[in-house]
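To start, the structure itself, in structure tokens.
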Amino acid sequence: MTTQDFKGMQTPFYYYDLTLLRNTLQAIKDATADAPNFHVHYAVKACATPMVLREIAQAGLGADCVSGGEILRAAEQGFPVSEIVYAGVGKSDWEIEAALDKDIAMFNVESMEELEVINEIASTKCKIARVAFRINPNVDAHTHAKITTGLNENKFGIAMEDMLPAIHRAQTLSNIEFLGLHFHIGSQITETTPFRALCERINELTAALKADGISVRNINVGGGYGVDYQHPDENPIPDFKAYFDTFKQHLQLDADQHLHFELGRAIVAQCGSLITKVLYVKQGHSKQFVIVDAGMTDLIRPALYDAFHFAQNLTAEEEGRAEHCNYDIVGPICESSDVFHKDYQLPITHRGDLIAFRTAGAYGEIMASQYNCRPMPKHICSK
């Protein structure tokens, strides 16, 4: 990635390295080659840029969607509808209808109230809705409070004690087919211990169901595997072998059971960067500010989650500037939270330099807004 790649592009914009994306997808294939009952679905919410979606669909992954819009986008970009699963705590009627019309693989149902509505809508369409119940396993992923999902205090899923009544109710509904269980404990999980704990909890639950005469054909363990934001060049591809081996070793699957995954960030985060231009280097009374033309409207993660994105001055590196200085890197938005970094060391930086915020492929472009009436960022992809 050099400044020559970006000549003529209006900043800010997103850049996607499709070669890295392809290598990441190949690493997933390699790590699951000995597990034909493992099915990986890409979490579309991480990045829905069409060229990125097409690459992932062509690699043979399914799609994990959390809205009707994502279902339509995934189908448009080549994901087989038979490999689309649909989660979300607040599915509206039109979204349920769209999913039924597409005949997706299954709904991940998050409440008894939702189950009844899906059955009612499916009945009006003379269709059978295939469902899995999202169970809240009360497993702590030890991640950021705003991206944890598997605790009893979170809004997602059905409590474990309500699992059996939910399945029994589903079995009485004429337009529902119960297919399995769904779990998701959080995001940006960088060690395998929480996933091992999830396996142990699933083993307990499926054993209890088996004792009650209920077979679970599909188990969906969600996603949440994290990436290295601090060192994107040293660790461009997550350790998928360690991730999938955790489930191979600790989840007790029957020969006819299928295991589903919903990876998003781990697939696309490292291949994407936000490219921005330095507008001013402002000397304050106690610090220097690098003011760039990208803001929280283009990459909201630092403002929303206090997230770290490695900042790389591409121009300074190409020119070989050796001297460094500490800066606050800030955007132009009329909000004090529009800050990418405080006291961050960069090579001596000048107006017009191009800076890349790395590891921005996940929850970057897809979360952009038009606050302050700013245009949405564009994107380009490598070949």
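Chain identifiers are assigned as A, B, and so on, following the order in which chains appear in the structure tokens; residues are numbered from 1 within each chain, and ligands are numbered from 1 in order of appearance.
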Residues of segment 165-269 of chain A that have any atom at most 12 Å from an atom of segment 273-285 of chain A: could you tabulate them with the shortest-distance atom pair and the distance in Å to one decimal, using only C-alpha atoms, ordered by chain and increasing number, as a Markdown table?
| residue | atom | partner | partner_atom | distance |
| --- | --- | --- | --- | --- |
| A:Tyr229 | CA | A:Ser273 | CA | 11.5 |
| A:Pro232 | CA | A:Ser273 | CA | 10.5 |
| A:Val268 | CA | A:Ser273 | CA | 10.4 |
| A:Ala269 | CA | A:Ser273 | CA | 8.5 |
Since we have the selection now, will you write its residues out, keeping N, CA and C atoms, as a PDB file, in the first residue's frame?
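part_27.pdb, freshly written:
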ATOM      1  N   TYR A 229      -5.231  -5.477  16.393  1.00  0.00           N
ATOM      2  CA  TYR A 229      -5.296  -4.076  15.976  1.00  0.00           C
ATOM      3  C   TYR A 229      -3.957  -3.369  16.163  1.00  0.00           C
ATOM      4  N   PRO A 232      -0.942  -4.849  12.797  1.00  0.00           N
ATOM      5  CA  PRO A 232      -1.612  -5.400  11.610  1.00  0.00           C
ATOM      6  C   PRO A 232      -0.666  -6.057  10.617  1.00  0.00           C
ATOM      7  N   VAL A 268     -12.557  -9.794   7.625  1.00  0.00           N
ATOM      8  CA  VAL A 268     -12.389  -8.580   6.821  1.00  0.00           C
ATOM      9  C   VAL A 268     -11.636  -7.433   7.493  1.00  0.00           C
ATOM     10  N   ALA A 269     -11.429  -7.496   8.799  1.00  0.00           N
ATOM     11  CA  ALA A 269     -10.861  -6.325   9.488  1.00  0.00           C
ATOM     12  C   ALA A 269      -9.512  -5.916   8.924  1.00  0.00           C
TER      13      ALA A 269
END
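The shortest atom-to-atom distance to Asn119 of chain A, with only C-alpha atoms taken into account, belongs to A:Glu177 out of A:Asn37, A:Glu177, A:Cys65, A:Leu72.
The space between atom CA of Gly88 of chain A and atom CA of Cys271 of chain A spans 26.2 Å.
Considering only C-alpha atoms, the residue among A:Arg265, A:His41, A:Lys7, A:Lys127 positioned nearest to Tyr363 of chain A is A:Arg265.
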Can you work out which one of A:Phe310, A:Phe261, A:Tyr243, A:Tyr371 has the shortest atom-to-atom distance to Ala63 of chain A, counting only C-alpha atoms?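 So, comparing all the options, the nearest one is A:Phe261.
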For the strand (DSSP E or B) assignment from backbone DSSP, which residues of segment 55-290 of chain A qualify? Please present them as a VMD selection string. chain A and resid 62 to 65 84 to 86 106 to 109 129 to 136 148 158 to 159 176 to 182 186 189 218 to 220 225 258 to 263 272 to 283 288 to 290
Contacts of Arg73 of chain A within 10 Å, only C-alpha atoms, excl. fewer than 3 positions in-chain, as a PyMOL selection string: chain A and resi 44+48-50+53+65+67-70+76-79
Suppose we keep C-alpha atoms; can you now write the selection as a short mmCIF file (atom, residue, chain, number, x, y, z; two decimals), in the first residue's frame?
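The result, written out as part.cif:
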data_model
loop_
_atom_site.label_atom_id
_atom_site.label_comp_id
_atom_site.auth_asym_id
_atom_site.auth_seq_id
_atom_site.Cartn_x
_atom_site.Cartn_y
_atom_site.Cartn_z
CA VAL A 44 -22.44 -9.30 6.73
CA ALA A 48 -21.16 -5.11 3.12
CA THR A 49 -19.06 -3.52 0.36
CA PRO A 50 -20.14 -5.36 -2.83
CA LEU A 53 -19.03 -9.68 -0.41
CA CYS A 65 -27.50 -11.59 8.40
CA SER A 67 -31.55 -7.43 8.91
CA GLY A 68 -33.74 -7.78 5.87
CA GLY A 69 -31.45 -5.41 4.00
CA GLU A 70 -28.48 -7.66 4.67
CA GLU A 76 -27.57 -9.96 -4.69
CA GLN A 77 -23.83 -10.51 -4.27
CA GLY A 78 -23.93 -14.25 -4.80
CA PHE A 79 -24.47 -15.95 -1.45
#
Nearby residues (only C-alpha atoms) at most 8 Å from Val221 of chain A, same-chain spacing under 6 positions excluded, as a PyMOL selection string: chain A and resi 182-184+259-262
Fewer than 2 positions away in the same chain doesn't count, so skip those; otherwise give me all residues within 8 Å of Leu20 of chain A, counting only C-alpha atoms, as a list in words.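 My list of contacting residues is Asp17, Leu18, Arg22, Asn23, Thr24, Pro236, Gln270 and Cys271 of chain A.
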Could you write those residues out with N, CA and C atoms, as a short mmCIF file (atom, residue, chain, number, x, y, z; two decimals), in the first residue's frame?
data_model
loop_
_atom_site.label_atom_id
_atom_site.label_comp_id
_atom_site.auth_asym_id
_atom_site.auth_seq_id
_atom_site.Cartn_x
_atom_site.Cartn_y
_atom_site.Cartn_z
N ASP A 17 -7.70 -4.54 0.55
CA ASP A 17 -6.67 -5.38 -0.04
C ASP A 17 -7.29 -6.75 -0.30
N LEU A 18 -7.72 -7.00 -1.52
CA LEU A 18 -8.41 -8.24 -1.84
C LEU A 18 -7.47 -9.44 -1.82
N ARG A 22 -8.35 -12.76 0.21
CA ARG A 22 -8.32 -14.11 -0.36
C ARG A 22 -7.44 -15.04 0.47
N ASN A 23 -6.31 -14.53 0.95
CA ASN A 23 -5.43 -15.35 1.77
C ASN A 23 -6.09 -15.71 3.11
N THR A 24 -6.86 -14.78 3.64
CA THR A 24 -7.59 -15.03 4.88
C THR A 24 -8.64 -16.12 4.67
N PRO A 236 -1.45 -10.34 10.11
CA PRO A 236 -2.53 -9.96 9.18
C PRO A 236 -3.67 -10.97 9.11
N GLN A 270 -8.60 -6.88 8.79
CA GLN A 270 -7.23 -6.52 8.41
C GLN A 270 -7.10 -6.10 6.95
N CYS A 271 -8.03 -6.48 6.11
CA CYS A 271 -7.88 -6.14 4.68
C CYS A 271 -8.32 -4.71 4.38
#
Check segment 110-248 of chain A with DSSP on the backbone and list each residue it calls helix (DSSP H, G or I), as a ChimeraX atom specification. /A:112-124,145-147,160-172,193-211,240-248
